[in-house]
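So this one's final_6.pdb, PDB, C-alpha atoms:
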ATOM      1  CA  MET Z 318       7.031  -6.583  -1.346
ATOM      2  CA  GLY Z 319       9.159  -7.661  -4.308
ATOM      3  CA  ARG Z 320       6.888  -5.965  -6.862
ATOM      4  CA  ASP Z 321       6.083  -2.387  -7.806
ATOM      5  CA  LYS Z 322       3.171  -1.448  -5.531
ATOM      6  CA  ALA Z 323       1.813   1.183  -7.892
ATOM      7  CA  LEU Z 324       1.289  -1.425 -10.601
ATOM      8  CA  LEU Z 325      -0.403  -4.026  -8.413
ATOM      9  CA  SER Z 326      -3.976  -4.749  -9.392
ATOM     10  CA  TRP Z 327      -6.896  -4.089  -7.049
ATOM     11  CA  ASP Z 328     -10.324  -5.072  -8.340
ATOM     12  CA  GLY Z 329      -8.829  -5.410 -11.817
ATOM     13  CA  GLN Z 330      -7.284  -1.938 -11.941
ATOM     14  CA  PRO Z 331      -3.682  -0.841 -11.260
ATOM     15  CA  ILE Z 332      -3.549   0.857  -7.866
ATOM     16  CA  ILE Z 333      -1.885   3.951  -9.327
ATOM     17  CA  ASP Z 334      -4.791   4.345 -11.754
ATOM     18  CA  ARG Z 335      -7.307   4.066  -8.905
ATOM     19  CA  VAL Z 336      -5.473   6.721  -6.869
ATOM     20  CA  CYS Z 337      -5.252   9.071  -9.874
ATOM     21  CA  ARG Z 338      -8.946   8.563 -10.668
ATOM     22  CA  VAL Z 339     -10.014   9.473  -7.122
ATOM     23  CA  ALA Z 340      -7.654  12.465  -7.033
ATOM     24  CA  ALA Z 341      -9.027  13.780 -10.322
ATOM     25  CA  ALA Z 342     -12.642  13.247  -9.264
ATOM     26  CA  VAL Z 343     -12.165  14.992  -5.923
ATOM     27  CA  THR Z 344     -10.103  17.951  -7.148
ATOM     28  CA  GLN Z 345     -11.641  18.287 -10.624
ATOM     29  CA  THR Z 346      -8.104  18.690 -12.033
ATOM     30  CA  PRO Z 347      -5.637  16.225 -13.505
ATOM     31  CA  PRO Z 348      -3.311  14.909 -10.806
ATOM     32  CA  ALA Z 349       0.461  15.129 -11.016
ATOM     33  CA  VAL Z 350       2.501  11.990 -10.403
ATOM     34  CA  LEU Z 351       6.059  12.376  -9.123
ATOM     35  CA  CYS Z 352       8.074   9.226  -9.638
ATOM     36  CA  PRO Z 353      11.539   8.171 -10.788
ATOM     37  CA  TRP Z 354      10.225   6.355 -13.861
ATOM     38  CA  PRO Z 355       7.148   7.992 -15.432
ATOM     39  CA  ASP Z 356       7.391   5.779 -18.512
ATOM     40  CA  ARG Z 357       6.925   2.703 -16.321
ATOM     41  CA  TYR Z 358       3.523   3.953 -15.139
ATOM     42  CA  ARG Z 359       2.198   5.990 -18.048
ATOM     43  CA  MET Z 360       0.421   3.064 -19.741
ATOM     44  CA  SER Z 361      -1.198   1.982 -16.461
ATOM     45  CA  VAL Z 362      -3.028   5.249 -15.823
ATOM     46  CA  THR Z 363      -5.921   5.267 -18.239
ATOM     47  CA  SER Z 364      -8.780   6.719 -16.198
ATOM     48  CA  THR Z 365      -7.666  10.375 -16.242
ATOM     49  CA  PRO Z 366      -5.092  12.719 -17.753
ATOM     50  CA  VAL Z 367      -1.981  13.072 -15.581
ATOM     51  CA  HIS Z 368       0.950  15.473 -15.304
ATOM     52  CA  TRP Z 369       4.101  13.328 -15.108
ATOM     53  CA  TRP Z 370       7.053  14.641 -13.107
ATOM     54  CA  THR Z 371      10.366  12.814 -12.902
ATOM     55  CA  GLU Z 372      11.650  12.481  -9.347
ATOM     56  CA  SER Z 373      15.334  13.324  -9.174
ATOM     57  CA  ALA Z 374      15.939  12.269  -5.567
ATOM     58  CA  ALA Z 375      14.250   8.862  -5.579
ATOM     59  CA  GLY Z 376      14.678   6.807  -2.436
ATOM     60  CA  GLN Z 377      15.267   9.802  -0.171
ATOM     61  CA  GLY Z 378      11.959   9.415   1.657
ATOM     62  CA  PRO Z 379       8.612  11.178   1.722
ATOM     63  CA  LEU Z 380       9.889  14.563   2.948
ATOM     64  CA  ALA Z 381      12.269  14.849   0.002
ATOM     65  CA  ALA Z 382       9.554  13.729  -2.410
ATOM     66  CA  ALA Z 383       7.113  16.295  -0.968
ATOM     67  CA  LEU Z 384       9.675  19.077  -1.291
ATOM     68  CA  GLU Z 385      10.398  18.072  -4.878
ATOM     69  CA  ALA Z 386       6.663  17.891  -5.697
ATOM     70  CA  ILE Z 387       6.206  21.433  -4.401
ATOM     71  CA  ALA Z 388       9.154  22.651  -6.479
ATOM     72  CA  GLN Z 389       7.825  20.886  -9.580
ATOM     73  CA  TYR Z 390       4.381  22.382  -8.989
ATOM     74  CA  GLN Z 391       5.793  25.895  -8.612
ATOM     75  CA  GLN Z 392       7.837  25.546 -11.802
ATOM     76  CA  THR Z 393       5.204  23.941 -14.015
ATOM     77  CA  LEU Z 394       1.620  24.312 -12.843
ATOM     78  CA  ALA Z 395       1.515  27.306 -10.485
ATOM     79  CA  PRO Z 396       1.663  29.851 -13.318
ATOM     80  CA  GLU Z 397      -1.337  28.140 -14.969
ATOM     81  CA  GLN Z 398      -3.257  27.622 -11.717
ATOM     82  CA  PRO Z 399      -2.719  30.717  -9.549
ATOM     83  CA  SER Z 400      -5.839  29.987  -7.498
ATOM     84  CA  VAL Z 401      -4.452  26.668  -6.204
ATOM     85  CA  ARG Z 402      -3.381  27.200  -2.598
ATOM     86  CA  TRP Z 403      -3.038  23.592  -1.472
ATOM     87  CA  LEU Z 404      -1.342  20.465  -2.786
ATOM     88  CA  TRP Z 405      -2.818  17.078  -1.924
ATOM     89  CA  LEU Z 406      -0.067  14.503  -1.496
ATOM     90  CA  LEU Z 407      -1.193  10.929  -2.048
ATOM     91  CA  ALA Z 408       0.748   7.695  -1.823
ATOM     92  CA  CYS Z 409       0.570   5.388  -4.830
ATOM     93  CA  ASP Z 410      -0.558   2.402  -2.734
ATOM     94  CA  LEU Z 411      -3.958   3.504  -1.407
ATOM     95  CA  PRO Z 412      -6.445   1.309  -3.290
ATOM     96  CA  CYS Z 413      -9.360   1.965  -0.929
ATOM     97  CA  LEU Z 414      -9.556   5.747  -1.286
ATOM     98  CA  ASP Z 415     -13.149   6.934  -1.215
ATOM     99  CA  GLU Z 416     -14.176  10.011  -3.202
ATOM    100  CA  THR Z 417     -16.863  11.139  -0.773
ATOM    101  CA  VAL Z 418     -14.659  10.900   2.315
ATOM    102  CA  CYS Z 419     -11.693  12.526   0.584
ATOM    103  CA  ARG Z 420     -13.881  15.339  -0.740
ATOM    104  CA  SER Z 421     -15.123  16.030   2.800
ATOM    105  CA  TRP Z 422     -11.518  16.365   3.933
ATOM    106  CA  LEU Z 423     -10.620  18.734   1.114
ATOM    107  CA  ASP Z 424     -13.735  20.811   1.773
ATOM    108  CA  ARG Z 425     -12.280  21.716   5.184
ATOM    109  CA  ARG Z 426      -9.681  23.937   3.484
ATOM    110  CA  ALA Z 427     -12.141  26.811   3.173
ATOM    111  CA  ALA Z 428     -12.277  27.253   6.947
ATOM    112  CA  LEU Z 429      -8.503  27.475   7.390
ATOM    113  CA  SER Z 430      -6.499  30.616   7.828
ATOM    114  CA  THR Z 431      -3.443  31.487   5.788
ATOM    115  CA  THR Z 432      -1.265  30.567   8.783
ATOM    116  CA  HIS Z 433      -2.209  26.902   8.470
ATOM    117  CA  LEU Z 434       0.399  25.011   6.458
ATOM    118  CA  ALA Z 435      -1.167  21.564   6.503
ATOM    119  CA  LEU Z 436      -4.424  19.658   6.875
ATOM    120  CA  VAL Z 437      -3.571  16.044   7.646
ATOM    121  CA  PRO Z 438      -5.610  12.975   8.617
ATOM    122  CA  ARG Z 439      -4.662  11.379  11.924
ATOM    123  CA  HIS Z 440      -5.641   7.993  13.306
ATOM    124  CA  ASP Z 441      -4.830   7.332  16.933
ATOM    125  CA  ALA Z 442      -1.288   8.718  17.427
ATOM    126  CA  TYR Z 443      -0.237   8.429  13.792
ATOM    127  CA  TRP Z 444      -0.415  11.091  11.088
ATOM    128  CA  GLU Z 445      -1.330  10.016   7.552
ATOM    129  CA  PRO Z 446       0.994  12.444   5.739
ATOM    130  CA  LEU Z 447       0.626  10.851   2.323
ATOM    131  CA  CYS Z 448      -3.029  11.734   2.219
ATOM    132  CA  GLY Z 449      -2.484  15.245   3.545
ATOM    133  CA  LEU Z 450      -2.993  18.707   2.126
ATOM    134  CA  TYR Z 451      -0.087  21.120   2.203
ATOM    135  CA  ARG Z 452       0.414  24.729   1.280
ATOM    136  CA  PRO Z 453       3.489  25.246  -0.875
ATOM    137  CA  ASP Z 454       4.662  27.571   1.927
ATOM    138  CA  ILE Z 455       5.586  24.457   3.920
ATOM    139  CA  ALA Z 456       8.665  23.989   1.688
ATOM    140  CA  PRO Z 457      11.122  25.708   4.094
ATOM    141  CA  ASP Z 458       9.961  23.449   6.932
ATOM    142  CA  LEU Z 459      10.514  20.386   4.750
ATOM    143  CA  ALA Z 460      13.961  21.622   3.712
ATOM    144  CA  HIS Z 461      14.887  22.292   7.348
ATOM    145  CA  CYS Z 462      13.931  18.750   8.357
ATOM    146  CA  LEU Z 463      15.914  17.276   5.476
ATOM    147  CA  ALA Z 464      18.949  19.384   6.385
ATOM    148  CA  ARG Z 465      18.763  17.875   9.877
ATOM    149  CA  GLY Z 466      18.682  14.349   8.446
ATOM    150  CA  GLN Z 467      14.995  13.692   9.087
ATOM    151  CA  ARG Z 468      13.123  11.583   6.556
ATOM    152  CA  SER Z 469       9.811  11.050   8.339
ATOM    153  CA  PHE Z 470       6.856  13.410   8.371
ATOM    154  CA  GLN Z 471       5.772  12.437  11.901
ATOM    155  CA  PRO Z 472       8.069  14.782  13.925
ATOM    156  CA  LEU Z 473       7.426  17.686  11.559
ATOM    157  CA  LEU Z 474       3.654  17.258  11.733
ATOM    158  CA  ASP Z 475       3.782  16.967  15.532
ATOM    159  CA  ARG Z 476       5.773  20.218  15.683
ATOM    160  CA  LEU Z 477       3.420  22.026  13.289
ATOM    161  CA  ALA Z 478       0.389  20.844  15.267
ATOM    162  CA  GLN Z 479       1.908  22.122  18.518
ATOM    163  CA  ALA Z 480       2.616  25.477  16.847
ATOM    164  CA  GLY Z 481      -0.976  25.725  15.584
ATOM    165  CA  SER Z 482       0.122  25.584  11.934
ATOM    166  CA  LEU Z 483      -1.543  22.258  11.191
ATOM    167  CA  ILE Z 484      -5.129  21.114  11.432
ATOM    168  CA  SER Z 485      -5.697  17.466  12.206
ATOM    169  CA  ILE Z 486      -8.497  15.479  10.619
ATOM    170  CA  PRO Z 487      -9.346  12.890  13.286
ATOM    171  CA  LEU Z 488     -10.233   9.618  11.601
ATOM    172  CA  SER Z 489     -12.759   7.053  12.684
ATOM    173  CA  ASP Z 490     -11.726   3.430  12.208
ATOM    174  CA  ALA Z 491     -13.891   3.302   9.055
ATOM    175  CA  GLU Z 492     -12.222   6.405   7.612
ATOM    176  CA  ALA Z 493      -8.779   5.067   8.504
ATOM    177  CA  ALA Z 494      -9.612   1.906   6.551
ATOM    178  CA  ILE Z 495      -9.731   3.870   3.288
ATOM    179  CA  LEU Z 496      -6.055   4.677   3.864
ATOM    180  CA  HIS Z 497      -5.181   0.982   3.853
ATOM    181  CA  ASN Z 498      -1.912   0.696   1.965
ATOM    182  CA  CYS Z 499      -0.267  -2.285   0.361
ATOM    183  CA  ASN Z 500       3.110  -3.115   1.840
ATOM    184  CA  SER Z 501       3.016  -6.892   1.506
ATOM    185  CA  PRO Z 502       1.270  -9.439  -0.734
ATOM    186  CA  GLU Z 503      -1.032 -10.248   2.200
ATOM    187  CA  ASP Z 504      -2.312  -6.647   2.151
ATOM    188  CA  LEU Z 505      -3.828  -7.333  -1.251
ATOM    189  CA  GLN Z 506      -6.062  -9.949   0.372
ATOM    190  CA  ASP Z 507      -7.620  -7.568   2.934
TER     191      ASP Z 507
END

Take the structure in the file and write it out as structure tokens.
Amino acid sequence: MGRDKALLSWDGQPIIDRVCRVAAAVTQTPPAVLCPWPDRYRMSVTSTPVHWWTESAAGQGPLAAALEAIAQYQQTLAPEQPSVRWLWLLACDLPCLDETVCRSWLDRRAALSTTHLALVPRHDAYWEPLCGLYRPDIAPDLAHCLARGQRSFQPLLDRLAQAGSLISIPLSDAEAAILHNCNSPEDLQD
């Protein structure tokens, strides 16, 4: 893209601020942002308080970032929030997130058993892992994948679904559209 996606403007607001605002509205708690350079983004998130975590393994892919986010959560917020059983991972480049739709997804957690490790949207044959809910107990699975050199969520989520440890949220085309991400300047025009 050539520019920092999180800082791109969508409807006059930095995308990272939009994502944080939706996350805070849906969860009723300040979101945590894991990134290599919190100071770069701090001034762009004005709509809600945020917990800033510095990513130590930047560039290692989404599995490594998810594992680090779980570790950061367990070290910093878990003692203060013992009732939190799920972490909602969100990409920084989802400008079309919709509070109502996202809230309906998160509301599905109540019906899940303790054996379910993830609740992840799926459109056609593709998981949307960076808008998924994960129990911290998924950490060993993430670490195992990383130890085997995997960097993508797709094989892990397929395996968890086959084992009955993941619940899929089938997306309509309209719901999938709210997960539109910005990977090129043309995506900002959509």

> Got a sec: who's within 10 Å of stretch 343-350 of chain Z, counting only C-alpha atoms, leaving out chain neighbours fewer than 2 positions off, as an MDAnalysis selection string?
Replying inline: chainID Z and resid 333 336:341 352:353 355 358:359 365:372 386 389:390 394 404:409 415:424

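Applied to the file shown here, the PyMOL selection byres ((chain Z and resi 463) around 12) selects the residues Gln377, Gly378, Pro379, Leu380, Ala381, Ala382, Ala383, Leu384, Glu385, Ala456, Pro457, Asp458, Leu459, Ala460, His461, Cys462, Ala464, Arg465, Gly466, Gln467, Arg468, Ser469, Phe470, Pro472 and Leu473 of chain Z.
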
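Residues lying within 8 Å of (2.6, 26.3, 2.5). Counted over only C-alpha atoms, they are Arg402, Trp403, His433, Leu434, Ala435, Tyr451, Arg452, Pro453, Asp454, Ile455 and Ala456 of chain Z.
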
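The closest residue to Z:Cys448, picked from Z:Leu411, Z:Leu483, Z:Thr431, Z:Leu477 and counting only C-alpha atoms, is Z:Leu411.
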
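Across the structure, atom CA of Z:Arg426 and atom CA of Z:Gln471 are spaced 21.0 Å apart.
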
Incomplete stretch 433-446 of chain Z filled out to N, CA, C and O atoms as a short mmCIF file (atom, residue, chain, number, x, y, z; two decimals), in the frame of the given file:
data_model
loop_
_atom_site.label_atom_id
_atom_site.label_comp_id
_atom_site.auth_asym_id
_atom_site.auth_seq_id
_atom_site.Cartn_x
_atom_site.Cartn_y
_atom_site.Cartn_z
N HIS Z 433 -2.23 28.37 8.46
CA HIS Z 433 -2.21 26.90 8.47
C HIS Z 433 -1.44 26.40 7.26
O HIS Z 433 -1.74 26.75 6.13
N LEU Z 434 -0.44 25.55 7.52
CA LEU Z 434 0.40 25.01 6.46
C LEU Z 434 -0.03 23.63 6.01
O LEU Z 434 0.37 23.18 4.94
N ALA Z 435 -0.82 22.95 6.84
CA ALA Z 435 -1.17 21.56 6.50
C ALA Z 435 -2.51 21.19 7.11
O ALA Z 435 -2.91 21.70 8.16
N LEU Z 436 -3.17 20.26 6.44
CA LEU Z 436 -4.42 19.66 6.88
C LEU Z 436 -4.22 18.16 6.66
O LEU Z 436 -4.16 17.70 5.52
N VAL Z 437 -4.05 17.42 7.76
CA VAL Z 437 -3.57 16.04 7.65
C VAL Z 437 -4.44 15.09 8.47
O VAL Z 437 -4.69 15.34 9.65
N PRO Z 438 -4.88 13.99 7.86
CA PRO Z 438 -5.61 12.98 8.62
C PRO Z 438 -4.73 12.37 9.71
O PRO Z 438 -3.50 12.24 9.55
N ARG Z 439 -5.38 12.00 10.80
CA ARG Z 439 -4.66 11.38 11.92
C ARG Z 439 -5.54 10.28 12.50
O ARG Z 439 -6.71 10.50 12.78
N HIS Z 440 -4.94 9.12 12.70
CA HIS Z 440 -5.64 7.99 13.31
C HIS Z 440 -4.85 7.56 14.52
O HIS Z 440 -3.67 7.22 14.40
N ASP Z 441 -5.50 7.60 15.67
CA ASP Z 441 -4.83 7.33 16.93
C ASP Z 441 -3.65 8.31 17.07
O ASP Z 441 -3.85 9.49 16.95
N ALA Z 442 -2.44 7.82 17.24
CA ALA Z 442 -1.29 8.72 17.43
C ALA Z 442 -0.47 8.88 16.15
O ALA Z 442 0.64 9.40 16.19
N TYR Z 443 -1.01 8.45 15.02
CA TYR Z 443 -0.24 8.43 13.79
C TYR Z 443 -0.83 9.34 12.73
O TYR Z 443 -2.01 9.23 12.40
N TRP Z 444 -0.01 10.25 12.21
CA TRP Z 444 -0.42 11.09 11.09
C TRP Z 444 -0.44 10.26 9.82
O TRP Z 444 0.34 9.33 9.66
N GLU Z 445 -1.28 10.63 8.88
CA GLU Z 445 -1.33 10.02 7.55
C GLU Z 445 -0.84 11.07 6.55
O GLU Z 445 -1.63 11.66 5.80
N PRO Z 446 0.46 11.32 6.53
CA PRO Z 446 0.99 12.44 5.74
C PRO Z 446 0.85 12.28 4.23
O PRO Z 446 0.81 13.27 3.51
#
